[in-house]
$ cat model-v3.cif   # mmCIF, C-alpha atoms and all ligand atoms
data_coords
loop_
_atom_site.group_PDB
_atom_site.id
_atom_site.type_symbol
_atom_site.label_atom_id
_atom_site.label_comp_id
_atom_site.auth_asym_id
_atom_site.auth_seq_id
_atom_site.Cartn_x
_atom_site.Cartn_y
_atom_site.Cartn_z
ATOM 1 C CA MET X 261 0.000 0.000 0.000
ATOM 2 C CA ARG X 262 1.277 3.467 -0.864
ATOM 3 C CA ILE X 263 -0.122 6.907 -0.033
ATOM 4 C CA GLY X 264 -0.063 10.207 -1.896
ATOM 5 C CA ILE X 265 -0.946 13.822 -1.186
ATOM 6 C CA GLY X 266 -1.960 16.638 -3.518
ATOM 7 C CA TYR X 267 -2.633 20.347 -3.093
ATOM 8 C CA ASP X 268 -3.606 22.995 -5.636
ATOM 9 C CA VAL X 269 -4.974 26.546 -5.744
ATOM 10 C CA HIS X 270 -6.561 28.530 -8.568
ATOM 11 C CA LYS X 271 -7.640 32.152 -8.686
ATOM 12 C CA LEU X 272 -11.318 33.133 -8.968
ATOM 13 C CA VAL X 273 -12.012 35.549 -11.836
ATOM 14 C CA LYS X 274 -14.926 36.830 -13.893
ATOM 15 C CA ASP X 275 -15.966 35.228 -17.204
ATOM 16 C CA ARG X 276 -14.777 31.695 -16.402
ATOM 17 C CA PRO X 277 -16.904 28.680 -15.451
ATOM 18 C CA LEU X 278 -16.498 27.189 -11.974
ATOM 19 C CA ILE X 279 -15.748 23.499 -12.532
ATOM 20 C CA LEU X 280 -15.038 21.176 -9.617
ATOM 21 C CA GLY X 281 -14.835 17.407 -9.975
ATOM 22 C CA GLY X 282 -16.078 17.865 -13.533
ATOM 23 C CA ILE X 283 -19.287 19.558 -12.350
ATOM 24 C CA THR X 284 -20.067 23.080 -13.541
ATOM 25 C CA ILE X 285 -21.329 25.002 -10.525
ATOM 26 C CA PRO X 286 -23.483 28.106 -10.945
ATOM 27 C CA TYR X 287 -21.500 31.092 -9.584
ATOM 28 C CA SER X 288 -20.570 34.629 -10.606
ATOM 29 C CA LEU X 289 -16.851 33.728 -10.791
ATOM 30 C CA GLY X 290 -14.818 30.833 -12.128
ATOM 31 C CA LEU X 291 -11.293 29.479 -11.783
ATOM 32 C CA LEU X 292 -8.448 30.729 -13.955
ATOM 33 C CA GLY X 293 -6.001 28.259 -15.503
ATOM 34 C CA HIS X 294 -4.524 26.833 -18.689
ATOM 35 C CA SER X 295 -6.900 23.875 -18.440
ATOM 36 C CA ASP X 296 -10.464 24.122 -17.112
ATOM 37 C CA ALA X 297 -8.746 24.851 -13.750
ATOM 38 C CA ASP X 298 -10.681 22.127 -11.902
ATOM 39 C CA VAL X 299 -8.689 22.531 -8.715
ATOM 40 C CA LEU X 300 -10.246 19.486 -7.015
ATOM 41 C CA THR X 301 -9.322 17.158 -9.864
ATOM 42 C CA HIS X 302 -5.827 18.690 -9.965
ATOM 43 C CA ALA X 303 -5.227 17.956 -6.279
ATOM 44 C CA ILE X 304 -6.486 14.408 -6.817
ATOM 45 C CA MET X 305 -4.169 13.877 -9.808
ATOM 46 C CA ASP X 306 -1.195 15.116 -7.795
ATOM 47 C CA ALA X 307 -2.094 12.730 -4.964
ATOM 48 C CA LEU X 308 -2.290 9.808 -7.399
ATOM 49 C CA LEU X 309 0.973 10.709 -9.142
ATOM 50 C CA GLY X 310 2.607 11.244 -5.763
ATOM 51 C CA ALA X 311 1.537 7.828 -4.504
ATOM 52 C CA ALA X 312 3.160 6.244 -7.567
ATOM 53 C CA ALA X 313 6.293 8.460 -7.320
ATOM 54 C CA LEU X 314 5.463 9.864 -10.759
ATOM 55 C CA GLY X 315 6.016 13.555 -10.026
ATOM 56 C CA ASP X 316 3.191 16.040 -10.542
ATOM 57 C CA ILE X 317 0.694 17.257 -13.117
ATOM 58 C CA GLY X 318 2.863 20.171 -14.226
ATOM 59 C CA GLN X 319 5.519 17.671 -15.368
ATOM 60 C CA HIS X 320 3.064 15.458 -17.254
ATOM 61 C CA PHE X 321 0.798 18.189 -18.683
ATOM 62 C CA PRO X 322 2.866 21.396 -18.981
ATOM 63 C CA ASP X 323 0.896 24.634 -19.109
ATOM 64 C CA SER X 324 3.106 25.680 -22.044
ATOM 65 C CA ASP X 325 1.554 22.901 -24.178
ATOM 66 C CA PRO X 326 -1.387 24.074 -26.330
ATOM 67 C CA ARG X 327 -2.859 20.535 -26.230
ATOM 68 C CA TYR X 328 -3.960 21.231 -22.672
ATOM 69 C CA LYS X 329 -5.487 24.673 -23.238
ATOM 70 C CA GLY X 330 -9.075 24.553 -21.976
ATOM 71 C CA ILE X 331 -8.960 20.763 -21.559
ATOM 72 C CA SER X 332 -11.327 19.074 -19.128
ATOM 73 C CA SER X 333 -9.297 17.955 -16.138
ATOM 74 C CA LEU X 334 -11.329 14.727 -16.155
ATOM 75 C CA GLU X 335 -9.549 13.908 -19.451
ATOM 76 C CA LEU X 336 -6.226 14.445 -17.673
ATOM 77 C CA LEU X 337 -7.425 12.242 -14.799
ATOM 78 C CA LYS X 338 -8.050 9.424 -17.305
ATOM 79 C CA GLU X 339 -4.448 9.805 -18.447
ATOM 80 C CA VAL X 340 -3.189 9.761 -14.864
ATOM 81 C CA ARG X 341 -5.092 6.540 -14.214
ATOM 82 C CA ALA X 342 -3.449 5.042 -17.315
ATOM 83 C CA LYS X 343 0.003 6.198 -16.182
ATOM 84 C CA LEU X 344 -0.529 4.435 -12.854
ATOM 85 C CA ALA X 345 -1.798 1.307 -14.630
ATOM 86 C CA ASP X 346 1.386 1.302 -16.761
ATOM 87 C CA LYS X 347 3.327 1.085 -13.496
ATOM 88 C CA HIS X 348 0.958 -1.639 -12.241
ATOM 89 C CA TYR X 349 -0.793 0.531 -9.696
ATOM 90 C CA ALA X 350 -4.523 0.898 -9.028
ATOM 91 C CA VAL X 351 -6.349 3.220 -6.650
ATOM 92 C CA ASN X 352 -7.947 2.007 -3.414
ATOM 93 C CA ASN X 353 -9.623 5.161 -2.164
ATOM 94 C CA LEU X 354 -9.242 8.882 -1.956
ATOM 95 C CA ASP X 355 -10.320 11.727 0.273
ATOM 96 C CA ALA X 356 -10.334 15.420 -0.571
ATOM 97 C CA VAL X 357 -11.152 18.832 0.892
ATOM 98 C CA ILE X 358 -12.180 21.835 -1.183
ATOM 99 C CA VAL X 359 -11.361 25.128 0.551
ATOM 100 C CA ALA X 360 -13.882 27.713 -0.640
ATOM 101 C CA GLN X 361 -15.671 30.492 1.171
ATOM 102 C CA ALA X 362 -18.390 30.405 -1.497
ATOM 103 C CA PRO X 363 -20.419 29.112 -3.217
ATOM 104 C CA LYS X 364 -22.090 26.404 -1.124
ATOM 105 C CA LEU X 365 -20.704 23.193 -2.592
ATOM 106 C CA ALA X 366 -22.427 20.469 -0.571
ATOM 107 C CA PRO X 367 -25.308 20.000 -3.057
ATOM 108 C CA TYR X 368 -22.842 19.209 -5.870
ATOM 109 C CA ILE X 369 -20.570 16.801 -4.040
ATOM 110 C CA PRO X 370 -22.498 13.571 -4.851
ATOM 111 C CA ALA X 371 -22.221 14.343 -8.585
ATOM 112 C CA MET X 372 -18.487 15.069 -8.232
ATOM 113 C CA ARG X 373 -17.989 11.699 -6.505
ATOM 114 C CA ASP X 374 -19.898 9.925 -9.279
ATOM 115 C CA ASN X 375 -17.737 11.591 -11.961
ATOM 116 C CA LEU X 376 -14.466 10.811 -10.233
ATOM 117 C CA ALA X 377 -15.518 7.238 -9.447
ATOM 118 C CA GLU X 378 -16.456 6.529 -13.058
ATOM 119 C CA ILE X 379 -13.115 7.753 -14.383
ATOM 120 C CA LEU X 380 -11.069 5.936 -11.766
ATOM 121 C CA GLY X 381 -13.059 2.696 -12.084
ATOM 122 C CA LEU X 382 -14.100 2.902 -8.430
ATOM 123 C CA SER X 383 -17.331 2.975 -6.477
ATOM 124 C CA PRO X 384 -18.436 6.401 -5.183
ATOM 125 C CA GLU X 385 -18.044 4.739 -1.763
ATOM 126 C CA ASP X 386 -14.277 4.782 -2.356
ATOM 127 C CA ILE X 387 -14.244 8.532 -2.899
ATOM 128 C CA ASN X 388 -14.897 11.223 -0.311
ATOM 129 C CA VAL X 389 -15.082 14.929 -1.081
ATOM 130 C CA LYS X 390 -15.589 17.558 1.594
ATOM 131 C CA ALA X 391 -15.850 21.343 1.549
ATOM 132 C CA THR X 392 -14.856 23.903 4.122
ATOM 133 C CA THR X 393 -14.787 27.660 4.385
ATOM 134 C CA THR X 394 -11.885 29.357 6.174
ATOM 135 C CA GLU X 395 -14.218 31.556 8.225
ATOM 136 C CA HIS X 396 -13.328 34.501 5.920
ATOM 137 C CA LEU X 397 -9.599 34.188 6.678
ATOM 138 C CA GLY X 398 -6.856 34.226 4.035
ATOM 139 C CA PHE X 399 -7.134 34.197 0.209
ATOM 140 C CA ALA X 400 -9.878 31.591 0.194
ATOM 141 C CA GLY X 401 -11.781 33.406 2.915
ATOM 142 C CA ARG X 402 -11.623 36.638 0.937
ATOM 143 C CA GLY X 403 -13.018 34.798 -2.083
ATOM 144 C CA GLU X 404 -9.882 35.375 -4.162
ATOM 145 C CA GLY X 405 -9.360 31.722 -4.975
ATOM 146 C CA ILE X 406 -10.242 28.125 -4.204
ATOM 147 C CA GLY X 407 -7.848 25.481 -2.909
ATOM 148 C CA ALA X 408 -8.104 21.718 -2.666
ATOM 149 C CA TYR X 409 -6.243 19.007 -0.800
ATOM 150 C CA ALA X 410 -6.398 15.301 -1.615
ATOM 151 C CA VAL X 411 -4.937 12.106 -0.233
ATOM 152 C CA CYS X 412 -5.166 8.641 -1.731
ATOM 153 C CA THR X 413 -3.934 5.122 -1.305
ATOM 154 C CA ILE X 414 -2.946 2.860 -4.182
ATOM 155 C CA HIS X 415 -1.894 -0.766 -4.453
ATOM 156 C CA ARG X 416 0.217 -2.845 -6.805
ATOM 157 C CA THR X 417 -1.703 -4.939 -9.317
ATOM 158 C CA GLY X 418 1.314 -6.936 -10.542
ATOM 159 C CA GLN X 419 5.084 -6.993 -10.990
ATOM 160 C CA ASN X 420 6.777 -3.620 -11.558
HETATM 161 N N1 LIG Q 501 -17.893 26.208 0.030
HETATM 162 C C1 LIG Q 501 -18.430 25.445 1.000
HETATM 163 C C2 LIG Q 501 -17.902 25.411 2.291
HETATM 164 C C3 LIG Q 501 -18.510 24.625 3.238
HETATM 165 N N2 LIG Q 501 -19.579 23.872 2.903
HETATM 166 C C4 LIG Q 501 -20.266 23.048 3.916
HETATM 167 O O1 LIG Q 501 -20.638 23.858 5.006
HETATM 168 C C5 LIG Q 501 -20.326 23.226 6.230
HETATM 169 C C6 LIG Q 501 -19.713 24.211 7.194
HETATM 170 O O2 LIG Q 501 -18.464 24.698 6.721
HETATM 171 P P1 LIG Q 501 -17.411 25.353 7.715
HETATM 172 O O3 LIG Q 501 -16.316 25.924 6.901
HETATM 173 O O4 LIG Q 501 -18.153 26.407 8.464
HETATM 174 O O5 LIG Q 501 -16.912 24.260 8.596
HETATM 175 C C7 LIG Q 501 -19.377 22.077 5.932
HETATM 176 O O6 LIG Q 501 -19.857 20.922 6.533
HETATM 177 C C8 LIG Q 501 -19.397 21.939 4.424
HETATM 178 O O7 LIG Q 501 -19.960 20.720 4.051
HETATM 179 C C9 LIG Q 501 -20.078 23.915 1.629
HETATM 180 O O8 LIG Q 501 -21.071 23.238 1.304
HETATM 181 N N3 LIG Q 501 -19.485 24.691 0.697
HETATM 182 C C1 LIG Q 502 -3.415 21.457 -15.496
HETATM 183 C C2 LIG Q 502 -2.419 22.281 -16.258
HETATM 184 C C3 LIG Q 502 -2.456 21.788 -17.725
HETATM 185 O O1 LIG Q 502 -1.547 22.428 -18.524
HETATM 186 O O2 LIG Q 502 -2.729 23.658 -16.292
HETATM 187 P P1 LIG Q 502 -3.523 24.615 -15.252
HETATM 188 O O3 LIG Q 502 -4.993 24.539 -15.511
HETATM 189 O O4 LIG Q 502 -2.950 25.980 -15.324
HETATM 190 O O5 LIG Q 502 -3.339 24.015 -13.791
HETATM 191 P P2 LIG Q 502 -2.115 23.937 -12.772
HETATM 192 O O6 LIG Q 502 -2.664 23.508 -11.467
HETATM 193 O O7 LIG Q 502 -1.343 25.218 -12.764
HETATM 194 O O8 LIG Q 502 -1.261 22.704 -13.328
HETATM 195 C C4 LIG Q 502 -0.532 22.820 -14.543
HETATM 196 C C5 LIG Q 502 -0.973 22.065 -15.738
HETATM 197 O O9 LIG Q 502 -0.737 20.722 -15.495
#

$ encode --input "model-v3.cif" --output "structure tokens" --more "lines below"
Ligand SMILES: Nc1ccn([C@@H]2O[C@H](COP(=O)(O)O)[C@@H](O)[C@H]2O)c(=O)n1
Ligand SMILES: C[C@@]1(CO)OP(=O)(O)OP(=O)(O)OC[C@H]1O
Amino acid sequence: MRIGIGYDVHKLVKDRPLILGGITIPYSLGLLGHSDADVLTHAIMDALLGAAALGDIGQHFPDSDPRYKGISSLELLKEVRAKLADKHYAVNNLDAVIVAQAPKLAPYIPAMRDNLAEILGLSPEDINVKATTTEHLGFAGRGEGIGAYAVCTIHRTGQN
């Protein structure tokens, strides 16, 4: 059994959609990035890559590469799953926290879990997503950005 951790932050700006776990959430602001800036999925990918000692998403999907401009982070997550499979690793479970003062995310979390589970070939029971405010403290509390943390465990499926 191996564990991994991921953390990411994106800035909230006007005229961008807010996409978390592949779900578009109605809000006046969205996250800025080269991809769709799905900060939750980014933290999860970094946790998975970390567990497999495969570096981080910036190394695999550089933000200088036009192939990734505007890409759905769920597409990148599929690639991360494949990269782990190439090294004979599969995911057991993951847990994540989205740090956002607003909007209220709880109603969207079941759909995020379903999306992530489908792509990772897991049951939604193997995926937990939580949300927290920071009680108006710091960049997230001021509504300047959204952060996400993720941890996961993976196991070997065969000989490396
Ligand atoms: N963007 C958010 C932040 C929090 N929640 C939910 O609200 C509950 C209370 O949050 P605190 O930061 O005051 O602990 C928490 O249980 C979250 O589920 C949310 O839905 N969206
Ligand atoms: C996801 C990638 C894809 O080019 O771009 P961004 O959306 O800017 O996200 P970031 O968290 O900065 O990670 C870098 C890249 O991997």

$ resolve_selection --input "model-v3.cif" --expression "the PyMOL selection byres (((chain X and resi 279) around 8) and not hetatm)" --output "JSON, numbers by chain"
{"X": [277, 278, 280, 281, 282, 283, 284, 285, 290, 291, 296, 297, 298]}

$ resolve_selection --input "model-v3.cif" --expression "the PyMOL selection byres (((not hetatm)) within 12 of (chain Q and resi 501))" --output "PyMOL selection string"
chain X and resi 280+285+287+356-370+388-397+400-401+403+405-408

$ residues_near_ligand --input "model-v3.cif" --ligand "ligand LIG 502 (chain Q)" --cutoff "6 Å" --atoms "all atoms listed in the file" --output "JSON, numbers by chain"
{"X": [268, 293, 294, 295, 296, 297, 302, 317, 318, 321, 322, 323, 328]}

$ closest_residue --input "model-v3.cif" --among "X:Leu272, X:Ile387, X:Val411, X:Ala313" --to "Tyr349 (chain X)" --atoms "all atoms listed in the file"
X:Ala313

$ residues_near_point --input "model-v3.cif" --point "(-16.2, 6.9, -10.5)" --cutoff "12 Å" --atoms "only C-alpha atoms" --output "ChimeraX atom specification"
/X:281-282,334,337-338,341,351-354,370-388

$ write_last_selection --input "model-v3.cif" --atoms "C-alpha atoms" --output "short mmCIF file (atom, residue, chain, number, x, y, z; two decimals), keeping the file's coordinate frame"
data_model
loop_
_atom_site.label_atom_id
_atom_site.label_comp_id
_atom_site.auth_asym_id
_atom_site.auth_seq_id
_atom_site.Cartn_x
_atom_site.Cartn_y
_atom_site.Cartn_z
CA GLY X 281 -14.84 17.41 -9.98
CA GLY X 282 -16.08 17.86 -13.53
CA LEU X 334 -11.33 14.73 -16.16
CA LEU X 337 -7.42 12.24 -14.80
CA LYS X 338 -8.05 9.42 -17.30
CA ARG X 341 -5.09 6.54 -14.21
CA VAL X 351 -6.35 3.22 -6.65
CA ASN X 352 -7.95 2.01 -3.41
CA ASN X 353 -9.62 5.16 -2.16
CA LEU X 354 -9.24 8.88 -1.96
CA PRO X 370 -22.50 13.57 -4.85
CA ALA X 371 -22.22 14.34 -8.59
CA MET X 372 -18.49 15.07 -8.23
CA ARG X 373 -17.99 11.70 -6.50
CA ASP X 374 -19.90 9.93 -9.28
CA ASN X 375 -17.74 11.59 -11.96
CA LEU X 376 -14.47 10.81 -10.23
CA ALA X 377 -15.52 7.24 -9.45
CA GLU X 378 -16.46 6.53 -13.06
CA ILE X 379 -13.12 7.75 -14.38
CA LEU X 380 -11.07 5.94 -11.77
CA GLY X 381 -13.06 2.70 -12.08
CA LEU X 382 -14.10 2.90 -8.43
CA SER X 383 -17.33 2.98 -6.48
CA PRO X 384 -18.44 6.40 -5.18
CA GLU X 385 -18.04 4.74 -1.76
CA ASP X 386 -14.28 4.78 -2.36
CA ILE X 387 -14.24 8.53 -2.90
CA ASN X 388 -14.90 11.22 -0.31
#

$ atom_distance --input "model-v3.cif" --atom1 "CA of Arg276 (chain X)" --atom2 "CA of Gly310 (chain X)"
28.9 Å

$ atom_distance --input "model-v3.cif" --atom1 "CA of Ile265 (chain X)" --atom2 "CA of Pro286 (chain X)"
28.4 Å

$ residues_around --input "model-v3.cif" --residues "Asp316 (chain X)" --least-positions-apart "4" --cutoff "8 Å" --atoms "all atoms listed in the file" --output "number ranges by chain"
X: 305-306, 309-310, 320

$ residues_around --input "model-v3.cif" --residues "Ala307 (chain X)" --least-positions-apart "5" --cutoff "8 Å" --atoms "only C-alpha atoms" --output "ChimeraX atom specification"
/X:263-267,410-412

$ write_last_selection --input "model-v3.cif" --atoms "C-alpha atoms" --output "PDB file, in the coordinates of the input"
ATOM      1  CA  ILE X 263      -0.122   6.907  -0.033  1.00  0.00           C
ATOM      2  CA  GLY X 264      -0.063  10.207  -1.896  1.00  0.00           C
ATOM      3  CA  ILE X 265      -0.946  13.822  -1.186  1.00  0.00           C
ATOM      4  CA  GLY X 266      -1.960  16.638  -3.518  1.00  0.00           C
ATOM      5  CA  TYR X 267      -2.633  20.347  -3.093  1.00  0.00           C
ATOM      6  CA  ALA X 410      -6.398  15.301  -1.615  1.00  0.00           C
ATOM      7  CA  VAL X 411      -4.937  12.106  -0.233  1.00  0.00           C
ATOM      8  CA  CYS X 412      -5.166   8.641  -1.731  1.00  0.00           C
TER       9      CYS X 412
END

$ atom_distance --input "model-v3.cif" --atom1 "CA of Leu292 (chain X)" --atom2 "CA of Gly398 (chain X)"
18.4 Å

$ residues_near_point --input "model-v3.cif" --point "(-17.1, 36.2, -12.6)" --cutoff "7 Å" --atoms "all atoms listed in the file" --output "ChimeraX atom specification"
/X:273-276,288-290

$ closest_residue --input "model-v3.cif" --among "X:Ser332, X:Gln319, X:Thr413, X:Ser324" --to "Thr301 (chain X)" --atoms "all atoms listed in the file"
X:Ser332

$ axis_aligned_box --input "model-v3.cif" --around "region 329-346 of chain X" --padding-each-side "5 Å" --output "AutoDock Vina command-line options"
--center_x -5.0 --center_y 13.0 --center_z -18.0 --size_x 22.7 --size_y 33.4 --size_z 20.4

$ closest_residue --input "model-v3.cif" --among "X:Lys343, X:Glu404, X:Ala350, X:Ala311" --to "His270 (chain X)" --atoms "only C-alpha atoms"
X:Glu404
